[in-house]
Amino acid sequence: MRRVSVRLKAQNHAYQIAIGAGTLSTLGAEARSRLPVARRVALISNKRVFELYGDRVMAGLRDQGLEPASWLMRDGERHKSLDTLEAALDFLSGKGLERNDLVVALGGGVVGDLAGLASALYLRGIAFIQAPTTLLAQIDASVGGKTAVNLPAGKNMVGVFHQPRMVVIDTDTLRTLPRRELTAGWCEAVKQGAAGSRKLFDQTRTFLADSKEADDLEKLIAAQCAFKADIVTGDEREDMFRTDGRSRRILNFGHTTGHALEAVTQYRKFKHGEAVGYGMLVAGEMSKRLGLLPESELESLRQAVGLCGRLPPINDLDVSAVAGALRHDKKSVGGHVKWVLLERLGQAVILDDREIGARILRSSLRAVMG
Ligand SMILES: NC(=O)c1ccc[n+]([C@@H]2O[C@H](COP(=O)([O-])OP(=O)(O)OC[C@H]3O[C@@H](n4cnc5c(N)ncnc54)[C@H](O)[C@@H]3O)[C@@H](O)[C@H]2O)c1
């Protein structure tokens with residue numbers, strides 16, 4: 001088992017991420033050692049994940065003298081909503097959870113975001129532990145303290161920062177993850193390396209190309225978490241005006257086009273990470289056309305994205321429709337889209353769309369969309 005420490009200076013809070021095969025069995029003991037006076041635990045999950053891993057976690061909590069009760073939300077992004085949040089809060093109050101008690105989130109990013117927000121709001125905030133079971137949630141969503149639900153107007157529009165007491169990552173859970181969810185997670189892993197660390201990019205690419213060893217997987221997930229932790233602790237609340245290569249916004253590499261691809265396909269065709277896979281290629285093309293990124297590095301990026309798994313075809317989509325959707329990017333500032341591009345692999349730079357120009361954008365879209 002490996003441990004990564006996260007230290008948030010501004011919030012005077014530190015916690016650990018435990019990573020390894022079989023760590024779910026230790027969650028009860030980890031919870032007890034961090035929360036010695038907790039009595040009740042609300043385990044928030046969904047049916048699919050709970051059927052696979054719920055008994056193990058419930059038994060571990062009971063072994064520590066805790067009183068766990070489970071609440072299962074419906075599966076899928078559209079249930080990350082205010083209605084589900086309200087139902088989760090009703091469950092916490094119905095079970096009589098008190099200030100010293102605990103919420104455990106067992107599932108992917110949807111469960112983690114919703115359970116995290118419920119624990120942040122209930123009684124003005126109680127402790128929660130993340131047990132992420134998708135690759136994306138393990139390397140990304142569970143680290144950084146962002147919690148949220150969606151509004152009809154857009155994703156993640158209601159949320160707060162609420163840091164977990166602990167993150168327990170059981171790498172064995174990835175064995176049951178559907179192939180496309182793994183591909184989507186690997187795209188985000190490539191993104192983290194490409195945007196912020198050449199070493200992490202190389203480690204990820206080497207793992208995808210050559211290795212299926214359990215220990216290498218554990219090492220890689222730990223390195224990915226350490227990277228994300230490093231970025232978020234340096235920019236705890238995502239300063240919108242920072243544009244340097246260590247700001248949290250670099251994690252949006254590939255997301256501008258990714259969001260547009262999701263929007264023009266009504267969120268039905270792509271998993272988010274798959275769309276980010278294409279988005280990275282578009283951002284890479286733009287970087288090359290602006291004279292920032294050498295062709296050899298762009299080729300390494302293409303290879304790495306290719307190693308993540310097969311992405312749904314994109315050549316049936318209309319370039320103009322995607323370009324139109326780009327103008328509605330929700331992370332735009334003052335009406336201008338901020339692009340995360342690459343100066344080289346592992347070194348991002350943030351540019352305003354006025355510095356790029358429509359011609360480069362269109363030709364880059366065409367290069368990737370065929
Ligand atoms: N808080 C953050 O910083 C942050 C960062 C990135 C993404 N997110 C959020 O994360 C969400 C996406 O998360 P996701 O990609 O994990 O999707 P998800 O939570 O919808 O999980 C994907 C699917 O995999 C299933 N599943 C989960 N674990 C499984 C396992 N071990 N075996 C078999 N099936 C399993 C789920 O039931 C679901 O059907 C989005 O809502 C996004 O906004 C949050």
# chains A, B, ... in the order shown; residues from 1 in each chain; ligands from 1
$ residues_around --residues "Ala229 in chain A" --least-positions-apart "6" --cutoff "12 Å" --atoms "only C-alpha atoms" --output "PyMOL selection string"
chain A and resi 4-8+14-17+138-145+163+167+192+222-223+235-236+246+248+251
$ write_last_selection --atoms "C-alpha atoms" --output "PDB file, in the first residue's frame"
ATOM      1  CA  VAL A   4       0.087  10.244  -0.503  1.00  0.00           C
ATOM      2  CA  SER A   5      -0.300  13.203   1.861  1.00  0.00           C
ATOM      3  CA  VAL A   6      -2.306  16.278   0.962  1.00  0.00           C
ATOM      4  CA  ARG A   7      -1.652  19.461   2.963  1.00  0.00           C
ATOM      5  CA  LEU A   8      -3.973  22.432   2.470  1.00  0.00           C
ATOM      6  CA  ALA A  14      -4.232  17.601   5.953  1.00  0.00           C
ATOM      7  CA  TYR A  15      -5.295  14.156   4.901  1.00  0.00           C
ATOM      8  CA  GLN A  16      -3.962  10.989   3.389  1.00  0.00           C
ATOM      9  CA  ILE A  17      -4.752   9.030   0.282  1.00  0.00           C
ATOM     10  CA  GLN A 138      -9.258   7.746  -8.197  1.00  0.00           C
ATOM     11  CA  ILE A 139      -6.808  10.019 -10.001  1.00  0.00           C
ATOM     12  CA  ASP A 140      -8.893  13.154 -10.308  1.00  0.00           C
ATOM     13  CA  ALA A 141     -12.343  13.658  -8.769  1.00  0.00           C
ATOM     14  CA  SER A 142     -11.529  12.397  -5.267  1.00  0.00           C
ATOM     15  CA  VAL A 143      -8.510  14.709  -4.886  1.00  0.00           C
ATOM     16  CA  GLY A 144      -8.984  18.429  -4.425  1.00  0.00           C
ATOM     17  CA  GLY A 145     -12.131  18.811  -2.346  1.00  0.00           C
ATOM     18  CA  GLN A 163     -12.029  18.278   1.931  1.00  0.00           C
ATOM     19  CA  VAL A 167      -9.304   8.909   0.496  1.00  0.00           C
ATOM     20  CA  GLN A 192      -2.545  15.371 -16.103  1.00  0.00           C
ATOM     21  CA  ALA A 222      -0.147   7.210  -6.496  1.00  0.00           C
ATOM     22  CA  ALA A 223       1.917   9.419  -8.843  1.00  0.00           C
ATOM     23  CA  ASP A 235      -4.174  26.854  -5.958  1.00  0.00           C
ATOM     24  CA  GLU A 236      -6.739  25.702  -3.418  1.00  0.00           C
ATOM     25  CA  ARG A 246       1.047  25.503 -12.099  1.00  0.00           C
ATOM     26  CA  ARG A 248      -5.369  24.633 -11.267  1.00  0.00           C
ATOM     27  CA  LEU A 251      -6.184  20.665 -15.486  1.00  0.00           C
TER      28      LEU A 251
END
$ residues_around --residues "Arg268 in chain A" --least-positions-apart "4" --cutoff "12 Å" --atoms "only C-alpha atoms" --output "ChimeraX atom specification"
/A:76-78,261-264,272,274-275,312
$ write_last_selection --atoms "all heavy atoms" --output "PDB file, in the first residue's frame"
ATOM      1  N   GLY A  76     -25.833   7.444 -12.661  1.00  0.00           N
ATOM      2  CA  GLY A  76     -25.793   8.320 -13.838  1.00  0.00           C
ATOM      3  C   GLY A  76     -25.703   9.786 -13.488  1.00  0.00           C
ATOM      4  O   GLY A  76     -26.218  10.251 -12.462  1.00  0.00           O
ATOM      5  N   GLU A  77     -25.042  10.511 -14.402  1.00  0.00           N
ATOM      6  CA  GLU A  77     -24.789  11.943 -14.237  1.00  0.00           C
ATOM      7  C   GLU A  77     -26.079  12.732 -13.977  1.00  0.00           C
ATOM      8  O   GLU A  77     -26.091  13.678 -13.195  1.00  0.00           O
ATOM      9  CB  GLU A  77     -24.097  12.448 -15.515  1.00  0.00           C
ATOM     10  CG  GLU A  77     -23.683  13.886 -15.516  1.00  0.00           C
ATOM     11  CD  GLU A  77     -22.530  14.189 -14.571  1.00  0.00           C
ATOM     12  OE1 GLU A  77     -21.614  13.352 -14.419  1.00  0.00           O
ATOM     13  OE2 GLU A  77     -22.555  15.278 -13.974  1.00  0.00           O
ATOM     14  N   ARG A  78     -27.181  12.337 -14.632  1.00  0.00           N
ATOM     15  CA  ARG A  78     -28.382  13.169 -14.489  1.00  0.00           C
ATOM     16  C   ARG A  78     -28.982  13.073 -13.087  1.00  0.00           C
ATOM     17  O   ARG A  78     -29.831  13.884 -12.706  1.00  0.00           O
ATOM     18  CB  ARG A  78     -29.405  12.856 -15.583  1.00  0.00           C
ATOM     19  CG  ARG A  78     -30.095  11.574 -15.471  1.00  0.00           C
ATOM     20  CD  ARG A  78     -30.713  11.186 -16.810  1.00  0.00           C
ATOM     21  NE  ARG A  78     -31.172   9.824 -16.740  1.00  0.00           N
ATOM     22  CZ  ARG A  78     -32.379   9.486 -16.351  1.00  0.00           C
ATOM     23  NH1 ARG A  78     -33.268  10.406 -16.047  1.00  0.00           N
ATOM     24  NH2 ARG A  78     -32.718   8.214 -16.282  1.00  0.00           N
ATOM     25  N   LEU A 261     -17.649  19.050 -27.714  1.00  0.00           N
ATOM     26  CA  LEU A 261     -18.027  17.768 -28.338  1.00  0.00           C
ATOM     27  C   LEU A 261     -19.181  17.120 -27.567  1.00  0.00           C
ATOM     28  O   LEU A 261     -20.112  16.563 -28.161  1.00  0.00           O
ATOM     29  CB  LEU A 261     -16.830  16.809 -28.369  1.00  0.00           C
ATOM     30  CG  LEU A 261     -15.701  17.186 -29.318  1.00  0.00           C
ATOM     31  CD1 LEU A 261     -14.492  16.273 -29.109  1.00  0.00           C
ATOM     32  CD2 LEU A 261     -16.176  17.099 -30.783  1.00  0.00           C
ATOM     33  N   GLU A 262     -19.122  17.216 -26.254  1.00  0.00           N
ATOM     34  CA  GLU A 262     -20.224  16.650 -25.457  1.00  0.00           C
ATOM     35  C   GLU A 262     -21.518  17.408 -25.729  1.00  0.00           C
ATOM     36  O   GLU A 262     -22.581  16.808 -25.872  1.00  0.00           O
ATOM     37  CB  GLU A 262     -19.897  16.747 -23.965  1.00  0.00           C
ATOM     38  CG  GLU A 262     -18.809  15.820 -23.496  1.00  0.00           C
ATOM     39  CD  GLU A 262     -18.579  15.946 -21.993  1.00  0.00           C
ATOM     40  OE1 GLU A 262     -17.882  16.888 -21.573  1.00  0.00           O
ATOM     41  OE2 GLU A 262     -19.112  15.110 -21.244  1.00  0.00           O
ATOM     42  N   ALA A 263     -21.413  18.746 -25.824  1.00  0.00           N
ATOM     43  CA  ALA A 263     -22.615  19.566 -26.010  1.00  0.00           C
ATOM     44  C   ALA A 263     -23.265  19.298 -27.372  1.00  0.00           C
ATOM     45  O   ALA A 263     -24.488  19.129 -27.453  1.00  0.00           O
ATOM     46  CB  ALA A 263     -22.275  21.052 -25.859  1.00  0.00           C
ATOM     47  N   VAL A 264     -22.469  19.227 -28.436  1.00  0.00           N
ATOM     48  CA  VAL A 264     -23.087  19.047 -29.767  1.00  0.00           C
ATOM     49  C   VAL A 264     -23.656  17.637 -29.948  1.00  0.00           C
ATOM     50  O   VAL A 264     -24.432  17.397 -30.865  1.00  0.00           O
ATOM     51  CB  VAL A 264     -22.140  19.372 -30.959  1.00  0.00           C
ATOM     52  CG1 VAL A 264     -21.693  20.813 -30.937  1.00  0.00           C
ATOM     53  CG2 VAL A 264     -20.948  18.436 -31.011  1.00  0.00           C
ATOM     54  N   HIS A 272     -17.133  11.649 -20.769  1.00  0.00           N
ATOM     55  CA  HIS A 272     -16.410  12.911 -20.638  1.00  0.00           C
ATOM     56  C   HIS A 272     -14.911  12.744 -20.984  1.00  0.00           C
ATOM     57  O   HIS A 272     -14.354  13.514 -21.773  1.00  0.00           O
ATOM     58  CB  HIS A 272     -16.607  13.433 -19.218  1.00  0.00           C
ATOM     59  CG  HIS A 272     -15.824  14.657 -18.910  1.00  0.00           C
ATOM     60  ND1 HIS A 272     -16.069  15.860 -19.526  1.00  0.00           N
ATOM     61  CD2 HIS A 272     -14.776  14.860 -18.077  1.00  0.00           C
ATOM     62  CE1 HIS A 272     -15.207  16.751 -19.077  1.00  0.00           C
ATOM     63  NE2 HIS A 272     -14.419  16.169 -18.193  1.00  0.00           N
ATOM     64  N   GLU A 274     -13.447  10.555 -22.815  1.00  0.00           N
ATOM     65  CA  GLU A 274     -13.234  10.299 -24.251  1.00  0.00           C
ATOM     66  C   GLU A 274     -13.226  11.617 -25.020  1.00  0.00           C
ATOM     67  O   GLU A 274     -12.395  11.834 -25.913  1.00  0.00           O
ATOM     68  CB  GLU A 274     -14.348   9.405 -24.798  1.00  0.00           C
ATOM     69  CG  GLU A 274     -14.351   7.989 -24.235  1.00  0.00           C
ATOM     70  CD  GLU A 274     -15.597   7.190 -24.637  1.00  0.00           C
ATOM     71  OE1 GLU A 274     -16.658   7.795 -24.944  1.00  0.00           O
ATOM     72  OE2 GLU A 274     -15.525   5.958 -24.631  1.00  0.00           O
ATOM     73  N   ALA A 275     -14.166  12.493 -24.668  1.00  0.00           N
ATOM     74  CA  ALA A 275     -14.216  13.802 -25.338  1.00  0.00           C
ATOM     75  C   ALA A 275     -12.951  14.607 -25.020  1.00  0.00           C
ATOM     76  O   ALA A 275     -12.403  15.306 -25.881  1.00  0.00           O
ATOM     77  CB  ALA A 275     -15.467  14.569 -24.897  1.00  0.00           C
ATOM     78  N   PRO A 312     -14.884   6.783 -29.529  1.00  0.00           N
ATOM     79  CA  PRO A 312     -15.963   6.763 -30.525  1.00  0.00           C
ATOM     80  C   PRO A 312     -15.575   7.631 -31.719  1.00  0.00           C
ATOM     81  O   PRO A 312     -14.874   8.634 -31.551  1.00  0.00           O
ATOM     82  CB  PRO A 312     -17.149   7.398 -29.787  1.00  0.00           C
ATOM     83  CG  PRO A 312     -16.791   7.361 -28.351  1.00  0.00           C
ATOM     84  CD  PRO A 312     -15.302   7.367 -28.250  1.00  0.00           C
TER      85      PRO A 312
END
$ closest_residue --among "A:Tyr122, A:Asp216, A:Asp353, A:Gly185" --to "Ser93 in chain A" --atoms "only C-alpha atoms"
A:Tyr122
$ residues_near_ligand --ligand "ligand 1" --cutoff "6 Å" --atoms "only C-alpha atoms and all ligand atoms" --output "list in words"
Arg48, Val49, Asp75, Gly76, Glu77, Gly107, Gly108, Gly109, Val110, Val111, Asp113, Thr133, Thr134, Leu136, Ala137, Asp140, Ala141, Gly144, Lys146, Thr147, Thr173, Leu174, Thr176 and Leu177 of chain A
$ write_last_selection --atoms "C-alpha atoms" --output "short mmCIF file (atom, residue, chain, number, x, y, z; two decimals), in the first residue's frame"
data_model
loop_
_atom_site.label_atom_id
_atom_site.label_comp_id
_atom_site.auth_asym_id
_atom_site.auth_seq_id
_atom_site.Cartn_x
_atom_site.Cartn_y
_atom_site.Cartn_z
CA ARG A 48 -24.11 -1.36 -9.09
CA VAL A 49 -21.11 -0.45 -6.96
CA ASP A 75 -26.75 5.64 -11.34
CA GLY A 76 -25.79 8.32 -13.84
CA GLU A 77 -24.79 11.94 -14.24
CA GLY A 107 -18.44 4.90 -6.16
CA GLY A 108 -17.33 7.01 -9.09
CA GLY A 109 -17.18 10.77 -9.38
CA VAL A 110 -20.97 11.13 -9.44
CA VAL A 111 -21.38 9.48 -6.04
CA ASP A 113 -19.43 14.74 -5.76
CA THR A 133 -14.07 3.11 -7.58
CA THR A 134 -13.55 4.48 -11.10
CA LEU A 136 -11.30 8.94 -13.12
CA ALA A 137 -12.45 9.34 -9.55
CA ASP A 140 -8.89 13.15 -10.31
CA ALA A 141 -12.34 13.66 -8.77
CA GLY A 144 -8.98 18.43 -4.43
CA LYS A 146 -14.53 19.96 -5.04
CA THR A 147 -18.10 18.78 -4.48
CA THR A 173 -12.08 -2.14 -8.04
CA LEU A 174 -10.81 -1.24 -11.51
CA THR A 176 -14.91 -4.60 -12.73
CA LEU A 177 -14.93 -1.21 -14.44
#
$ closest_atom_pairs --of "range 156-194 of chain A" --to "range 23-45 of chain A" --cutoff "9 Å" --atoms "only C-alpha atoms" --output "Markdown table"
| residue | atom | partner | partner_atom | distance |
| --- | --- | --- | --- | --- |
| A:Arg165 | CA | A:Arg34 | CA | 7.5 |
| A:Met166 | CA | A:Ala31 | CA | 8.0 |
| A:Val168 | CA | A:Thr23 | CA | 6.6 |
| A:Ile169 | CA | A:Thr23 | CA | 6.6 |
| A:Asp170 | CA | A:Thr23 | CA | 4.9 |
| A:Thr171 | CA | A:Thr23 | CA | 8.0 |
| A:Asp172 | CA | A:Thr23 | CA | 8.6 |
$ select_by_dssp --residues "range 145-225 of chain A" --states "helix (DSSP H, G or I)" --output "number ranges by chain"
A: 171-176, 179-196, 198-210, 214-225
$ atom_distance --atom1 "CA of Phe227 in chain A" --atom2 "CA of Pro178 in chain A"
25.3 Å
$ closest_residue --among "A:Ala115, A:Cys225, A:Val337, A:Ala18" --to "Ala127 in chain A" --atoms "only C-alpha atoms"
A:Ala115
$ closest_residue --among "A:His259, A:Arg180, A:Lys47, A:Lys191" --to "His328 in chain A" --atoms "only C-alpha atoms"
A:His259
$ closest_residue --among "A:Gly94, A:Gly258, A:Gly60, A:Gly112" --to "Met73 in chain A" --atoms "only C-alpha atoms"
A:Gly112
$ select_by_dssp --residues "range 198-365 of chain A" --states "strand (DSSP E)" --output "list in words"
Lys338, Trp339, Val340, Leu341, Leu342, Glu343, Arg344, Gln347, Ala348, Val349, Ile350, Leu351 and Asp352 of chain A
$ atom_distance --atom1 "CA of Ala321 in chain A" --atom2 "CA of Leu281 in chain A"
17.9 Å
$ closest_residue --among "A:Arg354, A:Arg310, A:His162, A:Arg205" --to "Ile129 in chain A" --atoms "only C-alpha atoms"
A:His162
